[in-house]
Amino acid sequence: MRKTNKVLTLILTIVMIFTITYQPISASAASAKPIVKATQTVISKGTTTKVKVTYNKKNVTNKAKFKTSNKSVATVSKKGVVTGKKAGTAYITATYKGKTSKKVKITVAQVSLNKKSVKLSVGKTATLAAKYNKKTVKATFKSSNPAVASVNKSGKITAKKAGTATITAVYKKTKATCKVSVKAEPVKHIWTEKITKQPTCTEDGVKTLTCSCGEVKTEVIKKLGHAWDDGVVTEATCTEDGAKTYTCTRCGEVKSEAIAKLGHVWDDGVVTEPTCTEDGAKTYTCETCGETKSEVIKATGHTWDDGVITKEPTDTESGVKTYTCTKCGDTKDENGHYEKQEVAGWDEEVLEAAVICNQCHERFSETDYGTIDAAIEAWTTHMFDSWDNGGDCDNYSSDDRTIIIHHDPTYEDVWVADK
């Protein structure tokens, strides 16, 4: 029974020592920053909104420190209450545990009207449009003098009688005004028209208007402009512009428009293949006019193979290495000789598995015993000897180490062309 237990212990120890377990190292998480959110991001002057601060999903609003980028636009209290001061933009940030949040944009908006003043005659109308934070809104409108100028809920102003009135628009506790001036409708002239100068293609005409009261005024009759015909075409060619000539049907004036030259329409070209030593060409022909053009295709140059030693060098004579072009079969010879060239030595890092006795600290590894088999045999003998002699060397652990194995430099013959 004791021998069986020793064998089982030996097997379990071997499995433990020579099983490699990798423990991945996870990257530490990035430092968290506080997060700021506002109940409302658009407020009016004199109104407030609340900002909430969370850090790692916990509410730390009462512990954070707040800052505004523009106190004249919006202030922020120690408890995160933002108050609008005047129209504009401010950015709120919170600092907690030395870390500052991203900015929250707060807009303090002011209602505005599309018109600051309006001049109307009695009976005429004008419509005001209200905007808040660049968006059209339904404001509440009121006239300071409805007898002069009234206004309905849609912002439509109606002039009643001569005088002045102020229209006030209210939206979200902000106000905007428009001054209205109303004048009485004047007595209208009764005009008699007469064309005193006919317009031409290039010159304005004149219309004279006379009122029964004797007043006279003139109005310009816009020039007629030319009435061009469909034009006559002179066709363009590949290399020369054409033209389209128009004639005015009223005055006979002529104008021309250039028709851009067509440019050649080249075919796909015909190729004369290049060789290793002579250029080739690609010749194109215009499909419209038959003109031709050519492009040079450079000679490809030889593509030499790795060469064959056709004459070995001796101590007194150079050898010959013959190269053959893989495309055209031409050959060239190169005189040369062999030279010894060093292939540098190098060091290799190797992870060496080892077992160490936790009682006597003896180490069993390939370095210590020459081979891994010898190390295992020595370790097994050590363990059994300890058991047979009543020792306590029955507790082992791995002692893996990185060792350096040095590889010596070598030399090889390398073909070198003669200088």
# chains A, B, ... in the order shown; residues from 1 in each chain; ligands from 1
>>> select_by_dssp(residues="segment 217-279 of chain A", states="strand (DSSP E or B)", output="JSON, numbers by chain")
{"A": [217, 218, 219, 220, 221, 228, 232, 233, 234, 242, 243, 244, 245, 246, 247, 248, 254, 255, 256, 257, 258, 259, 266, 270, 271, 272]}
>>> residues_around(residues="Thr303 of chain A", least_positions_apart="6", cutoff="9 Å", atoms="only C-alpha atoms", output="ChimeraX atom specification")
/A:276,324-328
>>> atom_distance(atom1="atom CA of Glu203 of chain A", atom2="atom CA of Asp229 of chain A")
20.1 Å
>>> residues_around(residues="segment 93-98 of chain A", least_positions_apart="3", cutoff="12 Å", atoms="only C-alpha atoms", output="PyMOL selection string")
chain A and resi 31-38+51-56+58-70+75-80+82+90+101-106
>>> write_last_selection(atoms="C-alpha atoms", output="mmCIF file, in the first residue's frame")
data_model
loop_
_atom_site.group_PDB
_atom_site.id
_atom_site.type_symbol
_atom_site.label_atom_id
_atom_site.label_comp_id
_atom_site.auth_asym_id
_atom_site.auth_seq_id
_atom_site.Cartn_x
_atom_site.Cartn_y
_atom_site.Cartn_z
ATOM 1 C CA SER A 31 -9.911 56.475 -14.070
ATOM 2 C CA ALA A 32 -13.596 57.395 -13.870
ATOM 3 C CA LYS A 33 -14.741 61.002 -14.241
ATOM 4 C CA PRO A 34 -17.847 62.571 -12.704
ATOM 5 C CA ILE A 35 -20.824 62.863 -15.081
ATOM 6 C CA VAL A 36 -22.994 66.007 -15.095
ATOM 7 C CA LYS A 37 -26.542 66.132 -16.434
ATOM 8 C CA ALA A 38 -28.902 69.122 -16.403
ATOM 9 C CA VAL A 51 -27.668 69.759 -12.443
ATOM 10 C CA LYS A 52 -27.026 66.272 -11.077
ATOM 11 C CA VAL A 53 -23.548 64.770 -10.618
ATOM 12 C CA THR A 54 -22.866 61.036 -10.580
ATOM 13 C CA TYR A 55 -19.543 59.286 -9.978
ATOM 14 C CA ASN A 56 -19.290 55.535 -10.607
ATOM 15 C CA LYS A 58 -23.473 57.182 -7.387
ATOM 16 C CA ASN A 59 -25.176 60.557 -6.818
ATOM 17 C CA VAL A 60 -22.478 62.930 -5.487
ATOM 18 C CA THR A 61 -24.242 66.230 -6.285
ATOM 19 C CA ASN A 62 -23.989 67.508 -2.701
ATOM 20 C CA LYS A 63 -20.252 66.667 -2.554
ATOM 21 C CA ALA A 64 -19.156 68.092 -5.892
ATOM 22 C CA LYS A 65 -17.814 71.579 -6.601
ATOM 23 C CA PHE A 66 -19.448 73.474 -9.472
ATOM 24 C CA LYS A 67 -18.091 76.103 -11.856
ATOM 25 C CA THR A 68 -19.665 78.266 -14.584
ATOM 26 C CA SER A 69 -17.740 79.564 -17.593
ATOM 27 C CA ASN A 70 -19.740 82.834 -17.687
ATOM 28 C CA THR A 75 -24.559 81.216 -12.139
ATOM 29 C CA VAL A 76 -24.416 77.890 -10.331
ATOM 30 C CA SER A 77 -24.885 77.356 -6.581
ATOM 31 C CA LYS A 78 -23.053 74.948 -4.298
ATOM 32 C CA LYS A 79 -26.053 72.620 -4.612
ATOM 33 C CA GLY A 80 -25.995 72.608 -8.421
ATOM 34 C CA VAL A 82 -28.225 77.064 -12.263
ATOM 35 C CA ALA A 90 -22.456 79.221 -20.315
ATOM 36 C CA SER A 101 -16.455 66.380 -15.648
ATOM 37 C CA LYS A 102 -17.137 67.178 -19.279
ATOM 38 C CA LYS A 103 -18.864 70.537 -19.909
ATOM 39 C CA VAL A 104 -22.676 70.863 -19.937
ATOM 40 C CA LYS A 105 -23.926 73.629 -22.210
ATOM 41 C CA ILE A 106 -26.608 75.881 -20.682
#
>>> closest_residue(among="A:Lys222, A:Lys161, A:Lys244, A:Lys179", to="Lys115 of chain A", atoms="only C-alpha atoms")
A:Lys179
>>> atom_distance(atom1="atom CA of Ala162 of chain A", atom2="atom CA of Lys183 of chain A")
4.5 Å
>>> decode(residues="segment 230-248 of chain A", atoms="N, CA, C and O atoms", output="PDB file, in the first residue's frame")
ATOM      1  N   ASP A 230     -33.269  81.251 -83.246  1.00  0.00           N
ATOM      2  CA  ASP A 230     -32.724  79.960 -82.798  1.00  0.00           C
ATOM      3  C   ASP A 230     -31.231  79.813 -83.070  1.00  0.00           C
ATOM      4  O   ASP A 230     -30.593  78.876 -82.560  1.00  0.00           O
ATOM      5  N   GLY A 231     -30.662  80.707 -83.878  1.00  0.00           N
ATOM      6  CA  GLY A 231     -29.220  80.675 -84.101  1.00  0.00           C
ATOM      7  C   GLY A 231     -28.801  79.745 -85.231  1.00  0.00           C
ATOM      8  O   GLY A 231     -29.508  78.810 -85.603  1.00  0.00           O
ATOM      9  N   VAL A 232     -27.608  80.034 -85.798  1.00  0.00           N
ATOM     10  CA  VAL A 232     -27.019  79.228 -86.866  1.00  0.00           C
ATOM     11  C   VAL A 232     -25.705  78.654 -86.327  1.00  0.00           C
ATOM     12  O   VAL A 232     -24.879  79.394 -85.778  1.00  0.00           O
ATOM     13  N   VAL A 233     -25.504  77.330 -86.523  1.00  0.00           N
ATOM     14  CA  VAL A 233     -24.360  76.644 -85.917  1.00  0.00           C
ATOM     15  C   VAL A 233     -23.238  76.429 -86.927  1.00  0.00           C
ATOM     16  O   VAL A 233     -23.472  75.968 -88.050  1.00  0.00           O
ATOM     17  N   THR A 234     -22.007  76.787 -86.524  1.00  0.00           N
ATOM     18  CA  THR A 234     -20.785  76.377 -87.218  1.00  0.00           C
ATOM     19  C   THR A 234     -20.157  75.281 -86.360  1.00  0.00           C
ATOM     20  O   THR A 234     -19.743  75.543 -85.220  1.00  0.00           O
ATOM     21  N   GLU A 235     -20.126  74.051 -86.897  1.00  0.00           N
ATOM     22  CA  GLU A 235     -19.737  72.894 -86.097  1.00  0.00           C
ATOM     23  C   GLU A 235     -18.293  72.988 -85.604  1.00  0.00           C
ATOM     24  O   GLU A 235     -17.392  73.449 -86.321  1.00  0.00           O
ATOM     25  N   ALA A 236     -18.068  72.517 -84.382  1.00  0.00           N
ATOM     26  CA  ALA A 236     -16.712  72.417 -83.822  1.00  0.00           C
ATOM     27  C   ALA A 236     -16.046  71.142 -84.331  1.00  0.00           C
ATOM     28  O   ALA A 236     -16.713  70.178 -84.711  1.00  0.00           O
ATOM     29  N   THR A 237     -14.694  71.159 -84.379  1.00  0.00           N
ATOM     30  CA  THR A 237     -13.935  69.958 -84.756  1.00  0.00           C
ATOM     31  C   THR A 237     -13.165  69.471 -83.523  1.00  0.00           C
ATOM     32  O   THR A 237     -13.290  70.033 -82.422  1.00  0.00           O
ATOM     33  N   CYS A 238     -12.337  68.447 -83.733  1.00  0.00           N
ATOM     34  CA  CYS A 238     -11.541  67.922 -82.618  1.00  0.00           C
ATOM     35  C   CYS A 238     -10.593  68.969 -82.052  1.00  0.00           C
ATOM     36  O   CYS A 238     -10.321  68.987 -80.845  1.00  0.00           O
ATOM     37  N   THR A 239     -10.070  69.858 -82.934  1.00  0.00           N
ATOM     38  CA  THR A 239      -9.023  70.785 -82.506  1.00  0.00           C
ATOM     39  C   THR A 239      -9.421  72.250 -82.561  1.00  0.00           C
ATOM     40  O   THR A 239      -8.697  73.109 -82.057  1.00  0.00           O
ATOM     41  N   GLU A 240     -10.575  72.592 -83.172  1.00  0.00           N
ATOM     42  CA  GLU A 240     -10.986  73.991 -83.308  1.00  0.00           C
ATOM     43  C   GLU A 240     -12.403  74.192 -82.784  1.00  0.00           C
ATOM     44  O   GLU A 240     -13.274  73.335 -82.982  1.00  0.00           O
ATOM     45  N   ASP A 241     -12.604  75.363 -82.111  1.00  0.00           N
ATOM     46  CA  ASP A 241     -13.928  75.694 -81.605  1.00  0.00           C
ATOM     47  C   ASP A 241     -14.890  75.963 -82.757  1.00  0.00           C
ATOM     48  O   ASP A 241     -14.494  76.430 -83.829  1.00  0.00           O
ATOM     49  N   GLY A 242     -16.177  75.701 -82.489  1.00  0.00           N
ATOM     50  CA  GLY A 242     -17.240  76.097 -83.409  1.00  0.00           C
ATOM     51  C   GLY A 242     -17.944  77.319 -82.845  1.00  0.00           C
ATOM     52  O   GLY A 242     -17.458  77.959 -81.911  1.00  0.00           O
ATOM     53  N   ALA A 243     -19.108  77.668 -83.403  1.00  0.00           N
ATOM     54  CA  ALA A 243     -19.849  78.834 -82.916  1.00  0.00           C
ATOM     55  C   ALA A 243     -21.325  78.685 -83.248  1.00  0.00           C
ATOM     56  O   ALA A 243     -21.697  77.984 -84.193  1.00  0.00           O
ATOM     57  N   LYS A 244     -22.176  79.353 -82.385  1.00  0.00           N
ATOM     58  CA  LYS A 244     -23.599  79.463 -82.685  1.00  0.00           C
ATOM     59  C   LYS A 244     -23.920  80.946 -82.719  1.00  0.00           C
ATOM     60  O   LYS A 244     -23.712  81.663 -81.731  1.00  0.00           O
ATOM     61  N   THR A 245     -24.410  81.427 -83.874  1.00  0.00           N
ATOM     62  CA  THR A 245     -24.640  82.858 -84.090  1.00  0.00           C
ATOM     63  C   THR A 245     -26.136  83.150 -84.066  1.00  0.00           C
ATOM     64  O   THR A 245     -26.922  82.523 -84.792  1.00  0.00           O
ATOM     65  N   TYR A 246     -26.514  84.110 -83.164  1.00  0.00           N
ATOM     66  CA  TYR A 246     -27.925  84.492 -83.014  1.00  0.00           C
ATOM     67  C   TYR A 246     -28.131  85.892 -83.569  1.00  0.00           C
ATOM     68  O   TYR A 246     -27.256  86.757 -83.472  1.00  0.00           O
ATOM     69  N   THR A 247     -29.370  86.135 -84.125  1.00  0.00           N
ATOM     70  CA  THR A 247     -29.734  87.459 -84.648  1.00  0.00           C
ATOM     71  C   THR A 247     -31.018  87.909 -83.974  1.00  0.00           C
ATOM     72  O   THR A 247     -31.984  87.134 -83.865  1.00  0.00           O
ATOM     73  N   CYS A 248     -31.064  89.184 -83.469  1.00  0.00           N
ATOM     74  CA  CYS A 248     -32.267  89.722 -82.828  1.00  0.00           C
ATOM     75  C   CYS A 248     -33.320  89.976 -83.906  1.00  0.00           C
ATOM     76  O   CYS A 248     -33.052  90.650 -84.913  1.00  0.00           O
TER      77      CYS A 248
END
